[in-house]
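Engineer: Before I ask anything, here is the structure I am working with.
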Amino acid sequence: MKTDIPQLPDYEKDEPTMTPTTTATLKLNDGVEMPALGLGVFQSPPDETREAVRAALEVGYRLIDTAAAYGNERQVGEAVHSSGLDRSEVFLETKIWISDYGYEQTLHGFEKSARKLGVDQIDLLILHQPLPSAFDRTLAAYRALETLLTDGKVRAIGVSNFMVEHLTTLLDHATVVPAVNQIECHPYFQQRDVQDFNAAHGILTQAWSPIGGITFYRDGTHGSTLDDPVIGDIARAHGKTPAQVMLRWGLQHGRSVIPKSTKPSRIAENIHVFDFELSAEEMAAIDGLDTGRRGGPEPDAITLETFGREIPEA
């Protein structure tokens, strides 16, 4: 897809493997520090995932987000282990799929993911979706995460795509407040009610599809955030790309952002967002783009009957 965006600065084209000077981290509610920006590998084919993670690590990424349901945990692990980086330098995050919800099932789900990633400890393990039609299984799965945290097999635990009602019920039963709630969050769909609830309870909002990718590969009628004139004007003012502006917007709001790409040039572009700052007026202009239209599936549509799938053994 062609977009009217400014060219990357020369240093990004000439030195695609240079490591940006960024130490931006976010402290989770259990004291663990996590890089603010990472690489997402949603729907990345296994071989492309391996190369994308290698490219990301070369240009300075230190957070990789994957999931059991993506089918590429093994390739993420291979890329990390072949990078030459110490294991402690890379923050690995993965997700348990709904088919492995339930206490014992989720404990086994961790084992499957850890073996595929080739690690003994996972930095952040989260539940991929609420399961509203069988929330007792969701609660049992979260109890398993709490056990894994107590046993030191994970450093932090969290959830993904949980709305306020799901979080409220979870907190009524949980002994550990989730460290992270990973949700669809981009200029066209900001979920402020969920973000506000997260903030009030010390839960970090992590944005998937932070540049609105889901709006232009799943719903062609929504329009692409990359073509938005407000974002385009701000990008030109800073000599940046629309994607960089959206990532900067998310970071300045205190969110973690995990843009997905398998293209080395885009991967390099997406991490070069720590050398400029959006003004209060620019932030407010982007805030004003919210359409309230979700790009991903409605949480209540997630059922075992429609979305259940077997997660292979390691």
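Residue numbering restarts at 1 in every chain; chains get A, B, ... in the order shown in the structure tokens, and ligands count up from 1 in that same order.
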Could you give me, as a PyMOL selection string, the residues within 7 Å of Ile234 in chain A, counting only C-alpha atoms and dropping anything in the same chain fewer than 4 positions from it?

Structural biologist: chain A and resi 230+238+282

Engineer: Pick the closest to Lys95 in chain A from A:Ala56, A:Met163, A:Leu171, A:Val180: which is it, counting only C-alpha atoms?

Structural biologist: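 Closest residue, counting only C-alpha atoms: A:Val180.
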
Engineer: For the contact check between range 111-146 of chain A and range 65-86 of chain A, emit one row per residue of range 111-146 of chain A within 7 Å, containing the shortest atom pair and the distance in Å rounded to one decimal, counting only C-alpha atoms, chain then rising number order, as JSON lines.

Structural biologist:
```
{"residue": "A:Ser113", "atom": "CA", "partner": "A:Ala68", "partner_atom": "CA", "distance": 6.4}
{"residue": "A:Lys116", "atom": "CA", "partner": "A:Arg74", "partner_atom": "CA", "distance": 4.4}
{"residue": "A:Leu117", "atom": "CA", "partner": "A:Gly77", "partner_atom": "CA", "distance": 4.1}
{"residue": "A:Gly118", "atom": "CA", "partner": "A:Gly77", "partner_atom": "CA", "distance": 5.8}
```

Engineer: So the first atom is CA of Thr138 in chain A and the second is CA of Pro299 in chain A; what is the distance between them in Å, to one decimal place?

Structural biologist: 13.0 Å

Engineer: Sorted by chain and rising residue number, which residues of range 137-188 of chain A lie within 10 Å of range 256-275 of chain A, and what are their closest atom pairs and distances in Å to one decimal, counting only C-alpha atoms, as CSV?

Structural biologist:
```
residue,atom,partner,partner_atom,distance
A:Val180,CA,A:Ser256,CA,9.3
A:Gln182,CA,A:Ser256,CA,8.8
A:Cys185,CA,A:Val257,CA,9.0
A:His186,CA,A:Val257,CA,9.7
```

Engineer: Find the spatial neighbours of Val164 in chain A, counting only C-alpha atoms, within a cut-off of 8 Å - ignore same-chain residues fewer than 5 positions away - and output them as a PyMOL selection string.

Structural biologist: chain A and resi 193-194+197

Engineer: According to DSSP computed on the backbone, where in range 95-156 of chain A is there helix (DSSP H, G or I)? Give the residues as a PyMOL selection string.

Structural biologist: chain A and resi 98-100+103-117+132-150

Engineer: I need the residues from that last selection saved to file as a PDB file, in the first residue's frame (with C-alpha atoms), if you can.

Structural biologist:
```
ATOM      1  CA  ILE A  98      -8.475 -19.993  25.266  1.00  0.00           C
ATOM      2  CA  SER A  99      -8.245 -23.693  24.362  1.00  0.00           C
ATOM      3  CA  ASP A 100      -5.716 -24.072  27.190  1.00  0.00           C
ATOM      4  CA  TYR A 103      -5.941 -24.430  35.944  1.00  0.00           C
ATOM      5  CA  GLU A 104      -3.993 -27.540  34.912  1.00  0.00           C
ATOM      6  CA  GLN A 105      -4.413 -26.790  31.219  1.00  0.00           C
ATOM      7  CA  THR A 106      -2.869 -23.335  31.625  1.00  0.00           C
ATOM      8  CA  LEU A 107       0.045 -24.700  33.634  1.00  0.00           C
ATOM      9  CA  HIS A 108       0.665 -27.066  30.732  1.00  0.00           C
ATOM     10  CA  GLY A 109       0.188 -24.198  28.285  1.00  0.00           C
ATOM     11  CA  PHE A 110       3.087 -22.438  29.965  1.00  0.00           C
ATOM     12  CA  GLU A 111       5.253 -25.536  29.552  1.00  0.00           C
ATOM     13  CA  LYS A 112       4.434 -25.731  25.850  1.00  0.00           C
ATOM     14  CA  SER A 113       5.289 -22.069  25.302  1.00  0.00           C
ATOM     15  CA  ALA A 114       8.459 -22.180  27.390  1.00  0.00           C
ATOM     16  CA  ARG A 115       9.752 -25.210  25.492  1.00  0.00           C
ATOM     17  CA  LYS A 116       9.028 -23.617  22.112  1.00  0.00           C
ATOM     18  CA  LEU A 117      10.719 -20.385  23.188  1.00  0.00           C
ATOM     19  CA  PRO A 132     -17.177 -14.626  28.574  1.00  0.00           C
ATOM     20  CA  SER A 133     -19.203 -17.769  27.828  1.00  0.00           C
ATOM     21  CA  ALA A 134     -17.028 -19.773  30.260  1.00  0.00           C
ATOM     22  CA  PHE A 135     -15.511 -17.181  32.553  1.00  0.00           C
ATOM     23  CA  ASP A 136     -14.929 -19.780  35.261  1.00  0.00           C
ATOM     24  CA  ARG A 137     -12.285 -21.261  32.960  1.00  0.00           C
ATOM     25  CA  THR A 138     -10.784 -17.802  32.509  1.00  0.00           C
ATOM     26  CA  LEU A 139     -10.556 -17.390  36.300  1.00  0.00           C
ATOM     27  CA  ALA A 140      -8.990 -20.833  36.673  1.00  0.00           C
ATOM     28  CA  ALA A 141      -6.456 -19.951  33.976  1.00  0.00           C
ATOM     29  CA  TYR A 142      -5.554 -16.757  35.810  1.00  0.00           C
ATOM     30  CA  ARG A 143      -5.087 -18.705  39.062  1.00  0.00           C
ATOM     31  CA  ALA A 144      -2.547 -20.800  37.161  1.00  0.00           C
ATOM     32  CA  LEU A 145      -0.722 -17.623  36.118  1.00  0.00           C
ATOM     33  CA  GLU A 146      -0.609 -16.600  39.778  1.00  0.00           C
ATOM     34  CA  THR A 147       0.915 -19.986  40.645  1.00  0.00           C
ATOM     35  CA  LEU A 148       3.515 -19.621  37.890  1.00  0.00           C
ATOM     36  CA  LEU A 149       4.382 -16.173  39.242  1.00  0.00           C
ATOM     37  CA  THR A 150       4.740 -17.473  42.790  1.00  0.00           C
TER      38      THR A 150
END
```

Engineer: Rounded to one decimal place, report the CA of Gln195 in chain A-CA of Asp123 in chain A distance in Å.

Structural biologist: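 Value for the CA of Gln195 in chain A-CA of Asp123 in chain A distance: 22.5 Å.
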
Engineer: So that I can check the secondary structure, give me every residue of range 3-143 of chain A assigned strand (DSSP E) by backbone DSSP, as a list in words.

Structural biologist: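 Result set for range 3-143 of chain A (strand (DSSP E)): Thr25, Leu26, Lys27, Glu33, Met34, Pro35, Leu39, Gly40, Leu63, Ile64, Asp65, Phe91, Leu92, Glu93, Thr94, Lys95, Ile96, Ile122, Asp123, Leu124, Leu125, Ile126 and Leu127 of chain A.
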